[in-house]
Structure formats: structure tokens, C-alpha cells
Amino acid sequence: QDTGEEGGAPLSKEDEAKASAMLADYEAARTAGNPEVAEAAADKLREKYPDSEPAHKLDGTLDEVRKAAEASRETERLRKLWIYQDNAVGKGVQHSASIYSRVPDLGEDAPAAAPDAQLVLRDHPDWGRSVYLLLQQSKFACGKPCTLQLSFDEGPLETWPGKQADSGKGPALFIEDEPRFMKALPKAKSLRIVLPKGSGNLGSLSFEVAGFDRTKY
């Protein structure tokens, strides 16, 4: 059977029907708001019948579909950065949401770098709501007064009160104004935290927080 891959040779009626069906799948997914499914259907059509009339009909909308598919993948990537847990504590349930700090991309051949910290949101049945950092280092000294600087979405750095504690697995640093933090977080895409100078070997941390889902916390 001629697939129409050489110089635009005409398709057999059977292949023409298959190409038209692939285009129909593409259009159905596109109009239903499923750009990743539509993109896959378009790629299949272009690979199988690149010079067919149905393949050429993709030209007007495929660029937009690819952009939407990429945005959908990025949204899903950001969602997956967050970890949500519900654990029984005493007579109640502790809810938490956490995300690791961003690490530099060292390239395909290099091993992935380990995160420097984990940002944790915790709603404890006895202790209430807290926001804190679990630092991946053995020693840390916040100083007195204990303060740190936060910036949401590349905004100006602002000073926040902190409190150092021991998590049992390493140093923890609480961000004391939880209500203020939770007011800013759901609207933010990124968060930068500058730690106190001389506190340890960490200078600043960055988090991609855009995928936070408050309903899961």
C-alpha cells in the first residue's frame, strides 16, 4: 500500500480513510481541550501519512496545540513537585504539604544534585499550623534574633521572623508568620528564601511553588 510518503503520491482509499480518521481524532481532542492527546494524534498522522491532505490540514492549528500541550506538561510537572500526607497523630490527623528546593541542572550525563532543603507546611491537631524548612546539613545557627528573607515571584526581599528547632534528623527553621505566608503562597509561582549569613553553608534557596493545591492540604 502506498502511504503517500514519497513525493506526495496519492493514497489508497484505505490509507486515505485511516489518515482522515487520525485527523478526526486530532480535531476531537483539540476541541475537547486535550492538547497532549491532540499532539500525539497529529504526530502519528504526520509520521504515517506526511504528504496526505489530512496531514496538511494540521498546519493551521498545530503550533497552538503544541504550545498548549507544553503548558499542560509544565503544569503537571509543577503539581508533582508537591507531596501531600495525612498521618494519624494522637486522637487527630496531621496534614502536611512539602516541596524540595530547586537544584541546578548539571546536564544529562551528570548525576542529579541533591536538594538543600525541604519546605514543609504542617497542620497538627495539637500544635496548629506551621511553616518550616528542613535543612540538609548537620549544623545550623540562625542567630539572635533569628530572621530570614523571603521573596515571592521575584518581588523585593522582606524580613521574616524565624525560629530554629531540631527535627531529630537535622536542623529545622520555622517561618513564624504562618498566616502571612499562607496568604502569599497560593498566588505565587516562585519563592526565594535567603538564610542568615554565617548560619551554615547555605546562602539562599529557591522553590517552584506554582503547583501547590490548597484543597489537598
# chains A, B, ... in the order shown; residues from 1 in each chain; ligands from 1
$ select_by_dssp --residues "segment 171-211 of chain A" --states "strand (DSSP E or B)" --output "PyMOL selection string"
chain A and resi 171-175+190-194+204-208
$ write_last_selection --atoms "N, CA, C and O atoms" --output "tab-separated table (two decimals), in the first residue's frame"
chain	number	residue	atom	x	y	z
A	171	PRO	N	18.68	20.17	61.41
A	171	PRO	CA	18.10	21.45	61.81
A	171	PRO	C	16.82	21.79	61.04
A	171	PRO	O	16.70	21.50	59.86
A	172	ALA	N	15.89	22.40	61.76
A	172	ALA	CA	14.65	22.91	61.17
A	172	ALA	C	14.58	24.41	61.44
A	172	ALA	O	15.03	24.87	62.49
A	173	LEU	N	14.03	25.14	60.51
A	173	LEU	CA	13.91	26.58	60.66
A	173	LEU	C	12.47	26.99	60.38
A	173	LEU	O	11.99	26.87	59.25
A	174	PHE	N	11.77	27.42	61.42
A	174	PHE	CA	10.37	27.81	61.29
A	174	PHE	C	10.26	29.23	60.78
A	174	PHE	O	11.00	30.12	61.19
A	175	ILE	N	9.31	29.44	59.86
A	175	ILE	CA	8.94	30.77	59.39
A	175	ILE	C	7.73	31.17	60.23
A	175	ILE	O	6.64	30.61	60.08
A	190	SER	N	6.93	31.33	42.34
A	190	SER	CA	8.25	31.01	42.85
A	190	SER	C	8.46	31.64	44.23
A	190	SER	O	7.81	32.63	44.58
A	191	LEU	N	9.38	31.05	44.97
A	191	LEU	CA	9.71	31.53	46.31
A	191	LEU	C	11.22	31.46	46.48
A	191	LEU	O	11.85	30.44	46.18
A	192	ARG	N	11.79	32.54	46.96
A	192	ARG	CA	13.22	32.57	47.28
A	192	ARG	C	13.38	32.86	48.75
A	192	ARG	O	12.72	33.76	49.29
A	193	ILE	N	14.24	32.10	49.42
A	193	ILE	CA	14.49	32.28	50.84
A	193	ILE	C	15.99	32.47	51.04
A	193	ILE	O	16.79	31.62	50.65
A	194	VAL	N	16.36	33.62	51.62
A	194	VAL	CA	17.75	33.90	51.93
A	194	VAL	C	17.97	33.63	53.41
A	194	VAL	O	17.30	34.23	54.27
A	204	SER	N	21.08	30.79	49.83
A	204	SER	CA	19.67	31.01	49.53
A	204	SER	C	19.07	29.75	48.92
A	204	SER	O	19.78	28.90	48.39
A	205	LEU	N	17.76	29.66	48.99
A	205	LEU	CA	17.00	28.52	48.48
A	205	LEU	C	15.93	29.03	47.54
A	205	LEU	O	15.36	30.11	47.75
A	206	SER	N	15.62	28.25	46.51
A	206	SER	CA	14.53	28.63	45.62
A	206	SER	C	13.58	27.45	45.47
A	206	SER	O	14.01	26.29	45.45
A	207	PHE	N	12.29	27.76	45.37
A	207	PHE	CA	11.25	26.74	45.27
A	207	PHE	C	10.29	27.12	44.14
A	207	PHE	O	9.89	28.28	44.02
A	208	GLU	N	9.91	26.12	43.34
A	208	GLU	CA	8.90	26.32	42.30
A	208	GLU	C	7.54	25.92	42.90
A	208	GLU	O	7.14	24.77	42.87
$ residues_around --residues "Asn87 of chain A" --least-positions-apart "6" --cutoff "10 Å" --atoms "only C-alpha atoms" --output "ChimeraX atom specification"
/A:93-96,124
$ atom_distance --atom1 "atom CA of Ala97 of chain A" --atom2 "atom CA of Leu121 of chain A"
5.1 Å
$ residues_around --residues "Gly203 of chain A" --least-positions-apart "5" --cutoff "12 Å" --atoms "only C-alpha atoms" --output "list of chain:residue names"
A:Asp116, A:Ala117, A:Leu135, A:Phe140, A:Leu148, A:Gln149, A:Arg192, A:Ile193, A:Val194, A:Leu195, A:Pro196, A:Lys197, A:Gly198
$ closest_atom_pairs --of "segment 68-104 of chain A" --to "segment 31-48 of chain A" --cutoff "10 Å" --atoms "only C-alpha atoms" --output "JSON lines"
{"residue": "A:Ala68", "atom": "CA", "partner": "A:Pro35", "partner_atom": "CA", "distance": 5.9}
{"residue": "A:Ala69", "atom": "CA", "partner": "A:Glu36", "partner_atom": "CA", "distance": 4.7}
{"residue": "A:Glu70", "atom": "CA", "partner": "A:Glu36", "partner_atom": "CA", "distance": 7.9}
{"residue": "A:Ala71", "atom": "CA", "partner": "A:Pro35", "partner_atom": "CA", "distance": 9.3}
{"residue": "A:Ser72", "atom": "CA", "partner": "A:Glu36", "partner_atom": "CA", "distance": 7.5}
{"residue": "A:Arg73", "atom": "CA", "partner": "A:Glu36", "partner_atom": "CA", "distance": 8.1}
$ atom_distance --atom1 "atom CA of Phe152 of chain A" --atom2 "atom CA of Lys169 of chain A"
28.0 Å
$ residues_around --residues "Glu53 of chain A" --least-positions-apart "2" --cutoff "9 Å" --atoms "only C-alpha atoms" --output "list in words"
Glu16, Ala19, Ser20, Tyr49, Pro50, Asp51, Ala55, His56 and Lys57 of chain A
$ write_last_selection --atoms "N, CA, C and O atoms" --output "mmCIF file, in the first residue's frame"
data_model
loop_
_atom_site.group_PDB
_atom_site.id
_atom_site.type_symbol
_atom_site.label_atom_id
_atom_site.label_comp_id
_atom_site.auth_asym_id
_atom_site.auth_seq_id
_atom_site.Cartn_x
_atom_site.Cartn_y
_atom_site.Cartn_z
ATOM 1 N N GLU A 16 -6.279 6.538 2.871
ATOM 2 C CA GLU A 16 -6.938 7.844 2.933
ATOM 3 C C GLU A 16 -7.949 7.866 4.083
ATOM 4 O O GLU A 16 -8.058 8.852 4.811
ATOM 5 N N ALA A 19 -5.981 8.056 7.367
ATOM 6 C CA ALA A 19 -5.461 9.408 7.605
ATOM 7 C C ALA A 19 -6.575 10.345 8.051
ATOM 8 O O ALA A 19 -6.396 11.161 8.966
ATOM 9 N N SER A 20 -7.727 10.225 7.423
ATOM 10 C CA SER A 20 -8.868 11.060 7.803
ATOM 11 C C SER A 20 -9.323 10.753 9.222
ATOM 12 O O SER A 20 -9.711 11.657 9.979
ATOM 13 N N TYR A 49 1.421 9.438 7.381
ATOM 14 C CA TYR A 49 0.978 9.971 6.084
ATOM 15 C C TYR A 49 1.390 11.443 5.960
ATOM 16 O O TYR A 49 0.535 12.340 5.922
ATOM 17 N N PRO A 50 2.683 11.736 5.883
ATOM 18 C CA PRO A 50 3.159 13.122 5.939
ATOM 19 C C PRO A 50 2.695 14.006 4.786
ATOM 20 O O PRO A 50 2.528 15.215 4.971
ATOM 21 N N ASP A 51 2.475 13.446 3.590
ATOM 22 C CA ASP A 51 2.100 14.262 2.425
ATOM 23 C C ASP A 51 0.615 14.182 2.099
ATOM 24 O O ASP A 51 0.177 14.630 1.038
ATOM 25 N N ALA A 55 -2.931 15.490 6.704
ATOM 26 C CA ALA A 55 -1.737 15.974 7.399
ATOM 27 C C ALA A 55 -1.532 17.462 7.155
ATOM 28 O O ALA A 55 -1.160 18.209 8.068
ATOM 29 N N HIS A 56 -1.780 17.910 5.925
ATOM 30 C CA HIS A 56 -1.627 19.333 5.614
ATOM 31 C C HIS A 56 -2.676 20.192 6.327
ATOM 32 O O HIS A 56 -2.429 21.375 6.590
ATOM 33 N N LYS A 57 -3.791 19.613 6.659
ATOM 34 C CA LYS A 57 -4.839 20.359 7.363
ATOM 35 C C LYS A 57 -4.464 20.668 8.819
ATOM 36 O O LYS A 57 -5.141 21.451 9.475
#
$ select_by_dssp --residues "segment 12-125 of chain A" --states "helix (DSSP H, G or I)" --output "PyMOL selection string"
chain A and resi 13-31+35-48+53-56+62-80
$ atom_distance --atom1 "atom CA of Ala210 of chain A" --atom2 "atom CA of Pro186 of chain A"
7.5 Å
$ closest_residue --among "A:Arg180, A:Lys67, A:Leu202, A:Gly155" --to "Ser101 of chain A" --atoms "only C-alpha atoms"
A:Leu202
$ closest_atom_pairs --of "segment 79-132 of chain A" --to "segment 163-167 of chain A" --cutoff "12 Å" --atoms "only C-alpha atoms" --output "tab-separated table"
residue	atom	partner	partner_atom	distance
A:Val120	CA	A:Ser167	CA	11.8
A:Ser130	CA	A:Lys163	CA	11.2
A:Val131	CA	A:Lys163	CA	10.6
A:Tyr132	CA	A:Lys163	CA	8.9
